[in-house]
Structure formats: C-alpha cells, structure tokens
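Data first, discussion second: the structure below is written as structure tokens.
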Amino acid sequence: MDSLRKFVCPEFVFGSGAVSLAGRYADLLGGSRVLLVTDPGIRESGWASAVQDSLEERGLNYEIFDHISPNPRDFQVTEGAEFYQEKNCDVIVAVGGGSVLDAAKGIGIVVSNGGDILDYEGVDAIPDPIPPLACIPTTCGSSADVSQFAIINDTKGKRKIAIISKAVVPDIALVDPDTLETMDDELMAAVSLDTLTHSIEAYVSMAHSFITDRHALGAISLLGEHFIPALMHRDNREYQAAMMQASLEAGLAFSNASLGLVHAMAHILGGLKDFPHGICNGLLLQNVCDFNYDACPERYDMIATCLGGDPGGGREALLKAIGNLVEASGIREDPSRFALSQGECRTLAELSLKDACIVTNPKEPDVKEIASLYEKTFRV
Ligand SMILES: [Fe+2]
C-alpha cells in the first residue's frame, strides 16, 4: 500500500426488473427528450420496447437511434450525434450489448465536444462532460455500463481505438440478469469469455489495487463455479444471474486496473478482421497467460485455484483450468474461421504494441513475441 489508488464507478442497480427503472432514472437525470440508443437485434428481442414502456410510463418523450453494428463504427457515432442534436435530446439511455453502450458513449462525447470521435482516442482526452447517460446491458460481457472504456472502430484505419476516461462512466447502470434470456448460445459463449479475460487481465494488471483485486477475484470465482453450467443451462436463472454478477465485478475491476496483452491483441485483430471481440479474447487467453506466467506466478496460481484448478499445480493447472472453459465455449470447433497468414500476424503484432491496454500487461513483450503468439493461436 505504498501508492495512491483511486476507484471510479457509477451508481448501479442490480437485479431482476432493473430494466423497468429506465424511465425513473432518465427522469431523475433531468431528461425531457431521451435519445434511446439500441440496435435492431435488441429491438427484436423486446428489451428496447421494455425501456420504451418505462419511459412512456414516466411521461418522457424519446427518439430511437438504432444504426449500430457489432464493433461499432466511427461514422455511426457521427450519425447518432447529429440525430441527438437534430431532435433536441437532453439525455441518453442505451440498451444493448457492448457495441451499443460504447456507441452511446461516443455519441455523448461528440455531442458535448464536437469534432470526430477519433479525436478522443487515449487516456483522459475528453475536455467536456457528456450528457447524462443511463446504460442497460443486455449481455454479461462488455461491462461498458460500469467502465471508463469505450471502444470504437476507425473504419478508414481498419483498427479499434480505445477511449479511456472518467467522462464516459455512465450516471447509472441498470443491470438486469433477465436480459440474458434473449442472447443466442454463440453470443453467450463469446461474452462470457470476454468477462473471463477482463477479470484475469485486471488481476495481473500492473495497475491493480487492493480494491480491484477483490472484484477481479470475485468475478473469477463466480466464473469458476458458473461459467460451464450457465452455458449448458441457459434457462437456469441462478446461473445467468451469477454470470451477470461476474460481468459487473470484472467491469469494476478492469475499469480501474485496465487490461493487458490479450485485449491489446484482440482490439487490433477485431479492427482489422472484424472478428467478434469475445472470441478473439477466448482464443488468445491461454497462450498469453502462458507467456505472462513467469511475471507473476503467485497471481496466476491464485486465478487457477479460483477457477477450480489444482492448488499448487502451477502453470499447468492454470492453462488446464482456462482451457476447460474455452473448450466448453465451443469457439475452437472451427479454427479455419479465424485463420491468419504469417504476414497478417506480423502486421497485427506491430499494431498491438501501440494499443493502450499493453501498458499494464505484467510482462513487456516485443514485436517478435507478439507475432509468435498470433501465429500459435491463429495459424492453422
Ligand atoms: Fe473486452
């Protein structure tokens, strides 16, 4: 405890029925015309209309913006900000997965600060506060509803930018495990792997603290117990709620401790090839943990134990415990879907060195080491 530590998080409400509080909180935030940010899939699932009902019950007007894709694009943020201004909105309510929540944060940044979302890349680069923002996650993965992160695709540069700032912490997160019911199995697997990666990378991060450690280990223990049962029994509410809680705790941890090499590599890969984020993380996780292990073996041993691995089993127990979860997710069934050439591995490695998440990785990799991690994971 020889250094100063801070911890930032929004107010959050966790539990079944939290979605129905959207109207009340939008009202409390002073909104009279809400920009409801969502996507077509969430509209189809019924969660957007649940939020609409809640806004209507409170007598609030709203405008819907749903032009958002997975791995949200810079031009979608521009379009959303113009729509917000054209409709004279004064508060943002976002309901959806990480892409929707990140795009909503981006819209808020551009509304308050002008310019292009790509101008705000990096740490603490947002001068003016964004409009009031309420976030309702519908996956147990991104944790954007509690985090200081927003990830946006630079479409011309074919890369993802990371925006890290207290300015994008929402005012309220309404975290309702019931929303997980409408995710398909592949998305559930991908977002669960994202949460697993968040919790592990936060725990071994160079910026971890006593408070982020508690949340990271809380998430890892929940995942050790519930990851596989939750994938196998999608209708079991107790398992789904445990996964939502794991996502929340992992988010609290990584938002403050930041991430590491898995995310640096996954961001670059997602930007260049448009692969799903959680699957990139899940495929890379075991190999990167193997690479990092020597930098903090006692921390990785604790992770292995919390995941149900053999205590005292060292590196082997860690890799086995992670491997079991990745196998259960089913993402390795068709490796050719995510195959890379040798040249692509080298290019990706060079770009990964510039990602903000690499700074807090417990071991400093060079370009050759990163390229060989890409090759080991994605060359078939
Ligand atoms: Fe992530």
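Chain labels A, B, ... are given in the sequence in which chains occur in the structure tokens; within each chain residues are numbered consecutively from 1, and ligands are likewise numbered from 1 in the order shown.
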
- request: Kindly compile the residues surrounding ligand 1 within 12 Å, counting only C-alpha atoms and all ligand atoms, and format them as a ChimeraX atom specification.
  value: /A:71,97-99,102,140-144,147,149-151,162,190-202,247,250-251,254-255,258-267,270,276-282,285,357

Selection to disk with N, CA and C atoms, as a short mmCIF file (atom, residue, chain, number, x, y, z; two decimals), in the first residue's frame:
```cif
data_model
loop_
_atom_site.label_atom_id
_atom_site.label_comp_id
_atom_site.auth_asym_id
_atom_site.auth_seq_id
_atom_site.Cartn_x
_atom_site.Cartn_y
_atom_site.Cartn_z
N ASN A 71 -18.96 -4.27 -33.21
CA ASN A 71 -17.74 -3.48 -33.41
C ASN A 71 -18.13 -2.10 -33.97
N GLY A 97 -25.87 -4.55 -26.05
CA GLY A 97 -24.57 -5.13 -25.71
C GLY A 97 -23.49 -4.05 -25.71
N GLY A 98 -22.25 -4.50 -25.62
CA GLY A 98 -21.13 -3.56 -25.53
C GLY A 98 -21.07 -2.60 -26.69
N SER A 99 -21.43 -3.05 -27.89
CA SER A 99 -21.33 -2.18 -29.07
C SER A 99 -22.27 -0.99 -28.93
N ASP A 102 -20.99 1.34 -26.04
CA ASP A 102 -19.81 2.09 -26.46
C ASP A 102 -20.19 3.19 -27.46
N CYS A 140 -23.60 -10.38 -20.70
CA CYS A 140 -22.76 -10.44 -19.50
C CYS A 140 -21.30 -10.39 -19.94
N GLY A 141 -20.97 -9.36 -20.76
CA GLY A 141 -19.63 -9.34 -21.32
C GLY A 141 -18.89 -8.03 -21.26
N SER A 142 -19.37 -7.01 -21.92
CA SER A 142 -18.52 -5.83 -22.12
C SER A 142 -18.30 -5.03 -20.84
N SER A 143 -19.31 -5.01 -19.98
CA SER A 143 -19.27 -4.20 -18.75
C SER A 143 -19.09 -2.71 -19.04
N ALA A 144 -19.42 -2.31 -20.26
CA ALA A 144 -19.32 -0.89 -20.61
C ALA A 144 -20.25 -0.05 -19.74
N SER A 147 -17.91 0.92 -16.91
CA SER A 147 -16.48 1.15 -17.15
C SER A 147 -16.15 2.54 -17.68
N PHE A 149 -14.25 2.82 -20.21
CA PHE A 149 -13.77 2.49 -21.55
C PHE A 149 -14.87 2.66 -22.61
N ALA A 150 -14.48 3.08 -23.79
CA ALA A 150 -15.34 2.97 -24.98
C ALA A 150 -14.42 2.56 -26.14
N ILE A 151 -14.85 1.55 -26.88
CA ILE A 151 -14.03 1.04 -27.99
C ILE A 151 -14.79 1.27 -29.29
N ALA A 162 -9.24 2.88 -28.42
CA ALA A 162 -9.70 2.81 -27.04
C ALA A 162 -9.78 4.22 -26.48
N ALA A 190 -19.28 -16.09 -26.28
CA ALA A 190 -18.30 -15.03 -26.59
C ALA A 190 -18.22 -14.00 -25.46
N VAL A 191 -19.36 -13.55 -24.97
CA VAL A 191 -19.32 -12.50 -23.94
C VAL A 191 -18.81 -13.06 -22.61
N SER A 192 -19.08 -14.34 -22.35
CA SER A 192 -18.57 -14.95 -21.12
C SER A 192 -17.05 -15.03 -21.16
N LEU A 193 -16.50 -15.33 -22.33
CA LEU A 193 -15.04 -15.35 -22.48
C LEU A 193 -14.45 -13.95 -22.32
N ASP A 194 -15.20 -12.94 -22.77
CA ASP A 194 -14.74 -11.56 -22.58
C ASP A 194 -14.64 -11.25 -21.09
N THR A 195 -15.67 -11.64 -20.34
CA THR A 195 -15.65 -11.40 -18.89
C THR A 195 -14.51 -12.16 -18.20
N LEU A 196 -14.30 -13.39 -18.63
CA LEU A 196 -13.19 -14.17 -18.07
C LEU A 196 -11.86 -13.42 -18.30
N THR A 197 -11.70 -12.92 -19.50
CA THR A 197 -10.46 -12.21 -19.85
C THR A 197 -10.34 -10.90 -19.06
N HIS A 198 -11.46 -10.17 -18.92
CA HIS A 198 -11.42 -8.92 -18.13
C HIS A 198 -10.93 -9.21 -16.72
N SER A 199 -11.49 -10.24 -16.10
CA SER A 199 -11.17 -10.48 -14.68
C SER A 199 -9.72 -10.92 -14.53
N ILE A 200 -9.24 -11.78 -15.43
CA ILE A 200 -7.85 -12.25 -15.33
C ILE A 200 -6.87 -11.11 -15.62
N GLU A 201 -7.13 -10.36 -16.69
CA GLU A 201 -6.19 -9.28 -17.03
C GLU A 201 -6.18 -8.19 -15.96
N ALA A 202 -7.34 -7.91 -15.34
CA ALA A 202 -7.37 -6.90 -14.27
C ALA A 202 -6.57 -7.39 -13.07
N SER A 247 -19.81 -10.42 -14.63
CA SER A 247 -19.53 -9.36 -15.61
C SER A 247 -19.40 -8.00 -14.91
N ALA A 250 -16.14 -7.97 -12.84
CA ALA A 250 -14.99 -7.88 -13.75
C ALA A 250 -14.89 -6.46 -14.31
N GLY A 251 -16.04 -5.85 -14.60
CA GLY A 251 -16.06 -4.48 -15.13
C GLY A 251 -15.52 -3.48 -14.11
N PHE A 254 -11.62 -4.11 -14.11
CA PHE A 254 -10.79 -3.69 -15.25
C PHE A 254 -10.95 -2.21 -15.57
N SER A 255 -12.11 -1.66 -15.24
CA SER A 255 -12.29 -0.23 -15.49
C SER A 255 -11.24 0.59 -14.73
N SER A 258 -7.32 -1.43 -15.61
CA SER A 258 -7.07 -1.60 -17.04
C SER A 258 -6.83 -3.08 -17.38
N LEU A 259 -6.33 -3.32 -18.59
CA LEU A 259 -6.30 -4.69 -19.11
C LEU A 259 -4.87 -5.08 -19.48
N GLY A 260 -4.69 -5.88 -20.51
CA GLY A 260 -3.34 -6.34 -20.83
C GLY A 260 -3.21 -6.79 -22.28
N LEU A 261 -2.27 -7.69 -22.49
CA LEU A 261 -1.88 -8.09 -23.84
C LEU A 261 -3.01 -8.77 -24.62
N VAL A 262 -3.85 -9.56 -23.94
CA VAL A 262 -4.94 -10.22 -24.68
C VAL A 262 -5.82 -9.16 -25.34
N HIS A 263 -6.19 -8.14 -24.56
CA HIS A 263 -7.06 -7.11 -25.14
C HIS A 263 -6.34 -6.27 -26.19
N ALA A 264 -5.07 -5.98 -25.97
CA ALA A 264 -4.32 -5.22 -26.98
C ALA A 264 -4.37 -5.98 -28.31
N MET A 265 -4.09 -7.29 -28.25
CA MET A 265 -4.06 -8.10 -29.48
C MET A 265 -5.47 -8.25 -30.07
N ALA A 266 -6.47 -8.41 -29.18
CA ALA A 266 -7.85 -8.60 -29.65
C ALA A 266 -8.40 -7.33 -30.29
N HIS A 267 -8.04 -6.18 -29.74
CA HIS A 267 -8.51 -4.92 -30.34
C HIS A 267 -8.00 -4.77 -31.77
N GLY A 270 -9.67 -7.40 -34.01
CA GLY A 270 -11.08 -7.04 -34.25
C GLY A 270 -11.20 -5.89 -35.24
N PRO A 276 -15.39 -11.27 -33.87
CA PRO A 276 -16.05 -10.89 -32.60
C PRO A 276 -15.05 -10.78 -31.45
N HIS A 277 -15.22 -9.74 -30.66
CA HIS A 277 -14.26 -9.41 -29.60
C HIS A 277 -14.07 -10.55 -28.59
N GLY A 278 -15.17 -11.08 -28.08
CA GLY A 278 -15.06 -12.12 -27.04
C GLY A 278 -14.37 -13.37 -27.56
N ILE A 279 -14.58 -13.69 -28.82
CA ILE A 279 -13.95 -14.88 -29.40
C ILE A 279 -12.45 -14.64 -29.59
N CYS A 280 -12.06 -13.45 -30.03
CA CYS A 280 -10.62 -13.12 -30.12
C CYS A 280 -9.97 -13.33 -28.75
N ASN A 281 -10.60 -12.78 -27.71
CA ASN A 281 -10.04 -12.92 -26.35
C ASN A 281 -9.94 -14.38 -25.95
N GLY A 282 -11.03 -15.11 -26.18
CA GLY A 282 -11.07 -16.51 -25.75
C GLY A 282 -10.00 -17.35 -26.43
N LEU A 285 -6.44 -16.20 -24.92
CA LEU A 285 -6.22 -16.13 -23.47
C LEU A 285 -5.20 -17.14 -22.94
N CYS A 357 -3.94 -0.82 -23.97
CA CYS A 357 -4.03 -1.88 -22.97
C CYS A 357 -2.70 -2.58 -22.71
#
```

field: strand (DSSP E) call set, DSSP backbone run, segment 158-197 of chain A, as a list in words
entry: Arg159, Lys160, Ile161, Ala162, Ile163, Ile164, Ile172, Ala173, Leu174 and Val175 of chain A

message: List as a ChimeraX atom specification the protein and nucleic acid residues near segment 49-51 of chain A, meaning an atom at most 9 Å away when only C-alpha atoms are counted, but skip any in the same chain fewer than 6 places from it.
response: /A:19-23,36,42-43,93,95

task: Name all residues at most 9 Å from Met302 of chain A (count only C-alpha atoms; drop same-chain ones fewer than 5 positions away) and give them as a ChimeraX atom specification.
output: /A:217,297,307,311,318

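Between atom CA of Gly30 of chain A and atom CA of Leu55 of chain A lies a distance of 12.8 Å.
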
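Our summary of the geometry notes that atom CA of Thr182 of chain A is positioned 12.2 Å from atom CA of Pro137 of chain A.
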
List every residue of segment 37-189 of chain A that DSSP, applied to the backbone, labels as helix (DSSP H, G or I), and write the result as a PDB file with C-alpha atoms, in the first residue's frame.
```pdb
ATOM      1  CA  PRO A  40     -32.074  -3.908 -34.461  1.00  0.00           C
ATOM      2  CA  GLY A  41     -31.413  -7.177 -32.580  1.00  0.00           C
ATOM      3  CA  ILE A  42     -32.308  -5.651 -29.225  1.00  0.00           C
ATOM      4  CA  ARG A  43     -35.459  -4.132 -30.710  1.00  0.00           C
ATOM      5  CA  GLU A  44     -36.418  -7.592 -31.936  1.00  0.00           C
ATOM      6  CA  SER A  45     -35.679  -9.166 -28.545  1.00  0.00           C
ATOM      7  CA  TRP A  47     -35.764  -5.135 -24.451  1.00  0.00           C
ATOM      8  CA  ALA A  48     -35.929  -1.842 -26.329  1.00  0.00           C
ATOM      9  CA  SER A  49     -39.712  -1.822 -26.042  1.00  0.00           C
ATOM     10  CA  ALA A  50     -39.457  -2.619 -22.327  1.00  0.00           C
ATOM     11  CA  VAL A  51     -37.401   0.562 -21.990  1.00  0.00           C
ATOM     12  CA  GLN A  52     -39.838   2.498 -24.203  1.00  0.00           C
ATOM     13  CA  ASP A  53     -42.713   1.387 -21.933  1.00  0.00           C
ATOM     14  CA  SER A  54     -40.819   2.581 -18.894  1.00  0.00           C
ATOM     15  CA  LEU A  55     -40.101   5.979 -20.494  1.00  0.00           C
ATOM     16  CA  GLU A  56     -43.742   6.350 -21.550  1.00  0.00           C
ATOM     17  CA  GLU A  57     -44.991   5.497 -18.053  1.00  0.00           C
ATOM     18  CA  ASP A  74     -16.888   5.901 -36.143  1.00  0.00           C
ATOM     19  CA  PHE A  75     -19.462   7.046 -38.749  1.00  0.00           C
ATOM     20  CA  GLN A  76     -22.290   5.503 -36.705  1.00  0.00           C
ATOM     21  CA  VAL A  77     -21.225   7.671 -33.772  1.00  0.00           C
ATOM     22  CA  THR A  78     -21.236  10.767 -36.008  1.00  0.00           C
ATOM     23  CA  GLU A  79     -24.706   9.897 -37.293  1.00  0.00           C
ATOM     24  CA  GLY A  80     -26.004   9.337 -33.745  1.00  0.00           C
ATOM     25  CA  ALA A  81     -24.604  12.674 -32.518  1.00  0.00           C
ATOM     26  CA  GLU A  82     -26.231  14.528 -35.434  1.00  0.00           C
ATOM     27  CA  PHE A  83     -29.528  12.770 -34.699  1.00  0.00           C
ATOM     28  CA  TYR A  84     -29.299  13.747 -30.995  1.00  0.00           C
ATOM     29  CA  GLN A  85     -28.822  17.401 -31.928  1.00  0.00           C
ATOM     30  CA  GLU A  86     -31.435  17.411 -34.666  1.00  0.00           C
ATOM     31  CA  GLY A  98     -21.133  -3.559 -25.527  1.00  0.00           C
ATOM     32  CA  SER A  99     -21.334  -2.181 -29.068  1.00  0.00           C
ATOM     33  CA  VAL A 100     -24.478  -0.190 -28.317  1.00  0.00           C
ATOM     34  CA  LEU A 101     -23.178   1.095 -24.979  1.00  0.00           C
ATOM     35  CA  ASP A 102     -19.810   2.095 -26.464  1.00  0.00           C
ATOM     36  CA  ALA A 103     -21.530   3.855 -29.367  1.00  0.00           C
ATOM     37  CA  ALA A 104     -23.798   5.726 -26.911  1.00  0.00           C
ATOM     38  CA  LYS A 105     -20.716   6.920 -25.018  1.00  0.00           C
ATOM     39  CA  GLY A 106     -19.175   8.011 -28.320  1.00  0.00           C
ATOM     40  CA  ILE A 107     -22.338   9.914 -29.255  1.00  0.00           C
ATOM     41  CA  GLY A 108     -22.206  11.699 -25.904  1.00  0.00           C
ATOM     42  CA  ILE A 109     -18.564  12.662 -26.432  1.00  0.00           C
ATOM     43  CA  VAL A 110     -19.198  14.157 -29.870  1.00  0.00           C
ATOM     44  CA  VAL A 111     -22.393  15.941 -28.770  1.00  0.00           C
ATOM     45  CA  SER A 112     -20.527  17.768 -25.975  1.00  0.00           C
ATOM     46  CA  ASN A 113     -17.123  18.223 -27.558  1.00  0.00           C
ATOM     47  CA  ILE A 117     -14.861  10.527 -32.254  1.00  0.00           C
ATOM     48  CA  LEU A 118     -11.357   9.535 -33.377  1.00  0.00           C
ATOM     49  CA  ASP A 119     -10.080  12.836 -31.909  1.00  0.00           C
ATOM     50  CA  TYR A 120     -10.669  11.466 -28.417  1.00  0.00           C
ATOM     51  CA  LYS A 166     -13.888   9.144 -16.300  1.00  0.00           C
ATOM     52  CA  ALA A 167     -16.081  11.217 -18.644  1.00  0.00           C
ATOM     53  CA  VAL A 168     -17.574   8.027 -20.160  1.00  0.00           C
ATOM     54  CA  PRO A 177     -29.902 -10.588 -15.431  1.00  0.00           C
ATOM     55  CA  ASP A 178     -33.266 -11.263 -17.126  1.00  0.00           C
ATOM     56  CA  THR A 179     -31.869  -9.621 -20.279  1.00  0.00           C
ATOM     57  CA  LEU A 180     -29.533 -12.593 -20.806  1.00  0.00           C
ATOM     58  CA  GLU A 181     -32.502 -14.811 -21.724  1.00  0.00           C
ATOM     59  CA  THR A 182     -32.613 -13.475 -25.281  1.00  0.00           C
ATOM     60  CA  ASP A 185     -25.698 -19.503 -27.382  1.00  0.00           C
ATOM     61  CA  GLU A 186     -22.793 -18.265 -29.520  1.00  0.00           C
ATOM     62  CA  LEU A 187     -23.078 -14.731 -28.166  1.00  0.00           C
ATOM     63  CA  MET A 188     -23.365 -16.065 -24.607  1.00  0.00           C
ATOM     64  CA  ALA A 189     -20.116 -18.015 -25.089  1.00  0.00           C
TER      65      ALA A 189
END
```

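Using only C-alpha atoms, the protein and nucleic acid residues lying no more than 12 Å from Ser209 of chain A, apart from those fewer than 3 places from it along its own chain, are Met1, Asp2, Ser3, Leu4, Arg5, Lys6, Phe7, Ala202, Tyr203, Val204, Ser205, Met206, Thr212, Asp213, Arg214, His215, Ala216, Leu217, Leu252, Ala253, Phe254, Ser255, Asn256, Ala257 and Ser258 of chain A.
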
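With only C-alpha atoms as the atoms that count, the minimum distance from Val91 of chain A to the choices A:Pro170, A:Gly17, A:Gly115, A:Gly330 is reached by A:Pro170.
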
Which residues come within 12 Å of Val367 of chain A, counting only C-alpha atoms, excluding same-chain residues fewer than 3 positions away, as a short mmCIF file (atom, residue, chain, number, x, y, z; two decimals) with N, CA and C atoms, in the first residue's frame?
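File part08.cif, as written:
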```cif
data_model
loop_
_atom_site.label_atom_id
_atom_site.label_comp_id
_atom_site.auth_asym_id
_atom_site.auth_seq_id
_atom_site.Cartn_x
_atom_site.Cartn_y
_atom_site.Cartn_z
N LEU A 261 -2.27 -7.69 -22.49
CA LEU A 261 -1.88 -8.09 -23.84
C LEU A 261 -3.01 -8.77 -24.62
N MET A 265 -4.09 -7.29 -28.25
CA MET A 265 -4.06 -8.10 -29.48
C MET A 265 -5.47 -8.25 -30.07
N CYS A 345 -0.02 -11.85 -39.19
CA CYS A 345 0.41 -11.96 -37.79
C CYS A 345 1.46 -10.89 -37.48
N ARG A 346 2.38 -10.67 -38.39
CA ARG A 346 3.44 -9.68 -38.19
C ARG A 346 2.85 -8.26 -38.14
N THR A 347 1.95 -7.95 -39.09
CA THR A 347 1.32 -6.62 -39.12
C THR A 347 0.53 -6.37 -37.83
N LEU A 348 -0.25 -7.38 -37.43
CA LEU A 348 -1.05 -7.24 -36.21
C LEU A 348 -0.16 -7.01 -35.00
N ALA A 349 0.97 -7.71 -34.95
CA ALA A 349 1.88 -7.59 -33.81
C ALA A 349 2.42 -6.17 -33.71
N GLU A 350 2.80 -5.60 -34.86
CA GLU A 350 3.34 -4.24 -34.86
C GLU A 350 2.31 -3.25 -34.33
N LEU A 351 1.05 -3.42 -34.78
CA LEU A 351 -0.01 -2.50 -34.35
C LEU A 351 -0.37 -2.70 -32.88
N SER A 352 -0.28 -3.94 -32.39
CA SER A 352 -0.65 -4.22 -31.00
C SER A 352 0.20 -3.45 -30.01
N LEU A 353 1.44 -3.22 -30.39
CA LEU A 353 2.36 -2.52 -29.48
C LEU A 353 1.87 -1.10 -29.18
N LYS A 354 0.99 -0.57 -30.05
CA LYS A 354 0.51 0.81 -29.85
C LYS A 354 -0.82 0.86 -29.08
N ILE A 358 -1.74 -2.41 -23.61
CA ILE A 358 -0.49 -3.15 -23.47
C ILE A 358 0.36 -2.59 -22.31
N GLU A 364 6.55 -7.16 -20.48
CA GLU A 364 6.67 -6.32 -21.67
C GLU A 364 7.07 -7.17 -22.87
N ILE A 370 4.94 -11.09 -29.81
CA ILE A 370 3.51 -10.94 -30.09
C ILE A 370 3.16 -11.66 -31.39
N ALA A 371 4.01 -11.50 -32.40
CA ALA A 371 3.74 -12.17 -33.68
C ALA A 371 3.67 -13.68 -33.47
N SER A 372 4.56 -14.21 -32.62
CA SER A 372 4.52 -15.67 -32.45
C SER A 372 3.29 -16.09 -31.65
N LEU A 373 2.78 -15.21 -30.76
CA LEU A 373 1.51 -15.53 -30.06
C LEU A 373 0.33 -15.55 -31.05
N TYR A 374 0.32 -14.59 -31.99
CA TYR A 374 -0.72 -14.61 -33.02
C TYR A 374 -0.61 -15.91 -33.84
#
```

Exercise: Asn287 of chain A partners within 8 Å, only C-alpha atoms, chain neighbours under 4 positions left out, as a CSV table (one decimal) with C-alpha atoms, in the first residue's frame:
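Generated output (part.csv):
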```csv
chain,number,residue,atom,x,y,z
A,291,PHE,CA,3.6,-16.2,-22.0
A,373,LEU,CA,1.5,-15.5,-30.1
A,376,LYS,CA,0.5,-20.0,-32.3
A,377,THR,CA,-3.2,-19.0,-31.9
```

field: Proximity to Arg315 of chain A - best of A:Lys273, A:Ser329, A:Tyr293, A:Gly343, only C-alpha atoms
entry: A:Tyr293

field: For atom CA of Asp145 of chain A and atom CA of Ser32 of chain A, the interatomic separation in Å (one decimal)
entry: 21.9 Å

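Considering only C-alpha atoms, the residue among A:Phe378, A:Phe12, A:Tyr25, A:Tyr300 positioned nearest to Asp334 of chain A is A:Phe378.
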
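Each of A:Ala125, A:Leu283, A:Ile220, A:Ala26 was checked against Gly323 of chain A using only C-alpha atoms; the smallest atom-to-atom distance is that of A:Leu283.
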
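Nearest to Gly309 of chain A of all the residues A:Leu340, A:Gly224, A:Pro365, A:Ile331 is A:Gly224, counting only C-alpha atoms.
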